[in-house]
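Reading through the structure tokens given below for one structure.
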Amino acid sequence: MKIVILDGNALNPGDLSWDGFKQLGDVTLFDRTPKDLVVQRIGDAEILITNKVTITREILNQCPNLKYIGVLATGYNIIDTKACTEKSIVVTNIPSYSTSAVAQAVFAYILEYTNGVHSHNTSVQKGDWCASKDFCYWTHPLIELANKTIGIIGYGSIGQQVAKIAVAFGMEVLAYSRTPSKITAPAKNVSLEFLLQNSDFISLHAPLTPETTHLINEDTLKLVKKGSMLINTARGPLVDEVAVAKALKSGILSAFAADVLSTEPMTKDCPFLGCENTIITPHVAWAGFETRQRLMNIAVNNLKAFLAGKPQNQVF
């Protein structure tokens, strides 16, 4: 069984092992694969493992031996699933592997905004405390989370985990979801308009669909409680980035934090590059060692299940 891994570096830059896959077949591993080499590298392989390399109908037409595509992520929009269905190619993904890590990242952003640990440490290391006339000082207003309101848009496993952490901080939780039946205590099921108008913090956890693309836009930003903080750890295109940048400059939003952008890597003309009151990380909320090990284990088990004739986590 020939197994090709097209872009292994994203999951495993060297601190994990590919042995689980190697025990299942003859593995050819590439750290990265440019578009013009995808067909050549897949060749006559039956098994394809990919993270972000797009697999189109044109590619599938040139790789007739493919029987299985394992996506090393939750999202599988990079795969032409309609073509896979027509060709009886099984596609699997990795659901719910990063729930704890992404929820943790949400509060890393929130706590940096409310407590400013990094900015205070930078000030201290510059010698500002040594020169202070008082026993303490602060570089910007400090904020308590207790009794603040967080609005969670999208209430799947990550949104629910964010809610649990918020409650531990003494926060009120509002939630908006396309499946309201998922919203149970401690969250309150509310409309999107109510959530935007009443949240001090707005955290995005919705899937990217035609309906959610630019969910946060010039019109919806007019509804938000002035001075709220917006956080996006879901999908970049959920927000209209130009509109959000304008909202930051006008004071509608006091801060924006994101681990995802519409175009990745970030482009030099991205409105958030150099923008004040932003915290941008390079799509790393999922990338803790334990999280990536969990992803690797699930990916191997997905392939084992397929080879045993009992596919799991099959999306198409």
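For the structure tokens, the naming scheme is as follows: chains receive sequential letters (A, B, ...) according to their order of presentation, residues are indexed from 1 within each chain, and ligands are indexed from 1 in presentation order.
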*DSSP on the backbone: what in region 103-309 of chain A comes out strand (DSSP E or B), as a ChimeraX atom specification?*
/A:149-153,172-176,188-189,201-204,216,228-232,239,253-258,278-280
Which residues are near Gly151 (chain A)? Cut-off 6 Å, only C-alpha atoms, ignore same chain within fewer than 6 positions. Put them as a PDB file with N, CA and C atoms, in the first residue's frame.
```pdb
ATOM      1  N   LEU A 174     -23.487  34.423  26.597  1.00  0.00           N
ATOM      2  CA  LEU A 174     -24.535  34.455  25.597  1.00  0.00           C
ATOM      3  C   LEU A 174     -24.072  33.619  24.410  1.00  0.00           C
ATOM      4  N   ALA A 175     -24.987  32.954  23.729  1.00  0.00           N
ATOM      5  CA  ALA A 175     -24.598  32.128  22.596  1.00  0.00           C
ATOM      6  C   ALA A 175     -25.611  32.246  21.469  1.00  0.00           C
ATOM      7  N   LEU A 195     -26.826  39.395  20.983  1.00  0.00           N
ATOM      8  CA  LEU A 195     -25.459  39.043  21.389  1.00  0.00           C
ATOM      9  C   LEU A 195     -24.489  40.179  21.095  1.00  0.00           C
ATOM     10  N   SER A 199     -22.539  42.105  24.425  1.00  0.00           N
ATOM     11  CA  SER A 199     -21.315  41.375  24.784  1.00  0.00           C
ATOM     12  C   SER A 199     -20.122  42.306  24.925  1.00  0.00           C
ATOM     13  N   ILE A 202     -16.643  39.145  22.132  1.00  0.00           N
ATOM     14  CA  ILE A 202     -17.340  38.363  21.116  1.00  0.00           C
ATOM     15  C   ILE A 202     -16.359  37.361  20.543  1.00  0.00           C
TER      16      ILE A 202
END
```
*Point out the residue among A:Lys126, A:Lys22, A:Lys67, A:His283 with the least atom-to-atom distance to Val300 (chain A), counting only C-alpha atoms.*
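Between A:Lys126, A:Lys22, A:Lys67, A:His283, the residue approaching Val300 (chain A) most closely is A:Lys22.
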_Pick from A:Gly288, A:Leu230, A:Gly20, A:Ile78, whichever lies nearest to Gln104 (chain A) using only C-alpha atoms_ =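 Of all the options, A:Gly288 lies closest to Gln104 (chain A).
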For Pro34 (chain A), please output as a compact mmCIF listing (two decimals) with C-alpha atoms, in the first residue's frame all residues within 12 Å (counting only C-alpha atoms; exclusion window: fewer than 2 positions along the same chain).
```
# COMPACT_ATOMS: atom_id res chain seq x y z
CA LEU A 6 2.15 15.95 0.80
CA ASP A 7 2.74 18.58 3.52
CA PHE A 30 7.18 15.58 1.74
CA ASP A 31 7.44 18.54 4.08
CA ARG A 32 5.73 20.81 1.54
CA ASP A 36 2.84 22.03 -9.89
CA LEU A 37 4.22 18.91 -8.19
CA VAL A 38 1.04 17.53 -6.60
CA VAL A 39 0.15 15.07 -9.37
CA GLN A 40 3.73 13.92 -9.81
CA ARG A 41 4.18 13.28 -6.09
CA LYS A 52 -3.60 22.29 3.26
CA VAL A 53 -2.68 21.13 -0.27
CA THR A 54 -5.75 21.55 -2.47
CA ILE A 55 -6.95 18.42 -4.27
```
So that I can check the surroundings of Glu86 (chain A), please list as a short mmCIF file (atom, residue, chain, number, x, y, z; two decimals) with N, CA and C atoms, in the first residue's frame every protein, DNA and RNA residue that reaches within 12 Å of it, counting only C-alpha atoms and ignoring chain neighbours fewer than 3 positions away.
```cif
data_model
loop_
_atom_site.label_atom_id
_atom_site.label_comp_id
_atom_site.auth_asym_id
_atom_site.auth_seq_id
_atom_site.Cartn_x
_atom_site.Cartn_y
_atom_site.Cartn_z
N ARG A 57 -10.59 18.25 -8.86
CA ARG A 57 -11.03 17.20 -9.78
C ARG A 57 -9.95 16.91 -10.82
N LEU A 60 -7.42 14.68 -9.28
CA LEU A 60 -7.98 13.34 -9.08
C LEU A 60 -8.05 12.57 -10.39
N ASN A 61 -8.35 13.26 -11.49
CA ASN A 61 -8.43 12.61 -12.79
C ASN A 61 -7.08 12.04 -13.23
N LYS A 67 -7.64 5.81 -3.43
CA LYS A 67 -8.81 5.21 -2.80
C LYS A 67 -9.20 5.93 -1.51
N ASP A 80 -12.06 18.43 -3.38
CA ASP A 80 -13.26 18.39 -4.23
C ASP A 80 -14.03 17.12 -3.85
N THR A 81 -14.90 17.28 -2.86
CA THR A 81 -15.58 16.11 -2.31
C THR A 81 -16.60 15.52 -3.30
N LYS A 82 -17.17 16.35 -4.15
CA LYS A 82 -18.10 15.84 -5.14
C LYS A 82 -17.39 14.87 -6.09
N ALA A 83 -16.19 15.27 -6.53
CA ALA A 83 -15.42 14.40 -7.41
C ALA A 83 -15.01 13.13 -6.68
N ILE A 89 -13.85 7.64 -3.69
CA ILE A 89 -12.68 7.89 -2.85
C ILE A 89 -13.17 8.33 -1.47
N VAL A 90 -12.75 7.62 -0.46
CA VAL A 90 -13.15 7.95 0.91
C VAL A 90 -12.32 9.12 1.41
N PHE A 316 -16.91 12.16 3.30
CA PHE A 316 -17.46 11.83 1.98
C PHE A 316 -16.91 10.47 1.56
#
```
*Rank nothing, just name the residue among A:Ala287, A:Met229, A:Ile216, A:Ala299 nearest to Asp15 (chain A), using only C-alpha atoms.*
A:Ala287
*Would you list, as a PyMOL selection string, the residues of region 151-309 of chain A that end up in helix (DSSP H, G or I) under DSSP run on this structure's backbone?*
chain A and resi 157-168+180-182+192-198+218-221+236-238+241-250+289-307
_I'd like to know which of A:Glu112, A:His140, A:Ala131, A:Gly154 is closest to Phe256 (chain A), using only C-alpha atoms._
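Nearest to Phe256 (chain A): A:Glu112.
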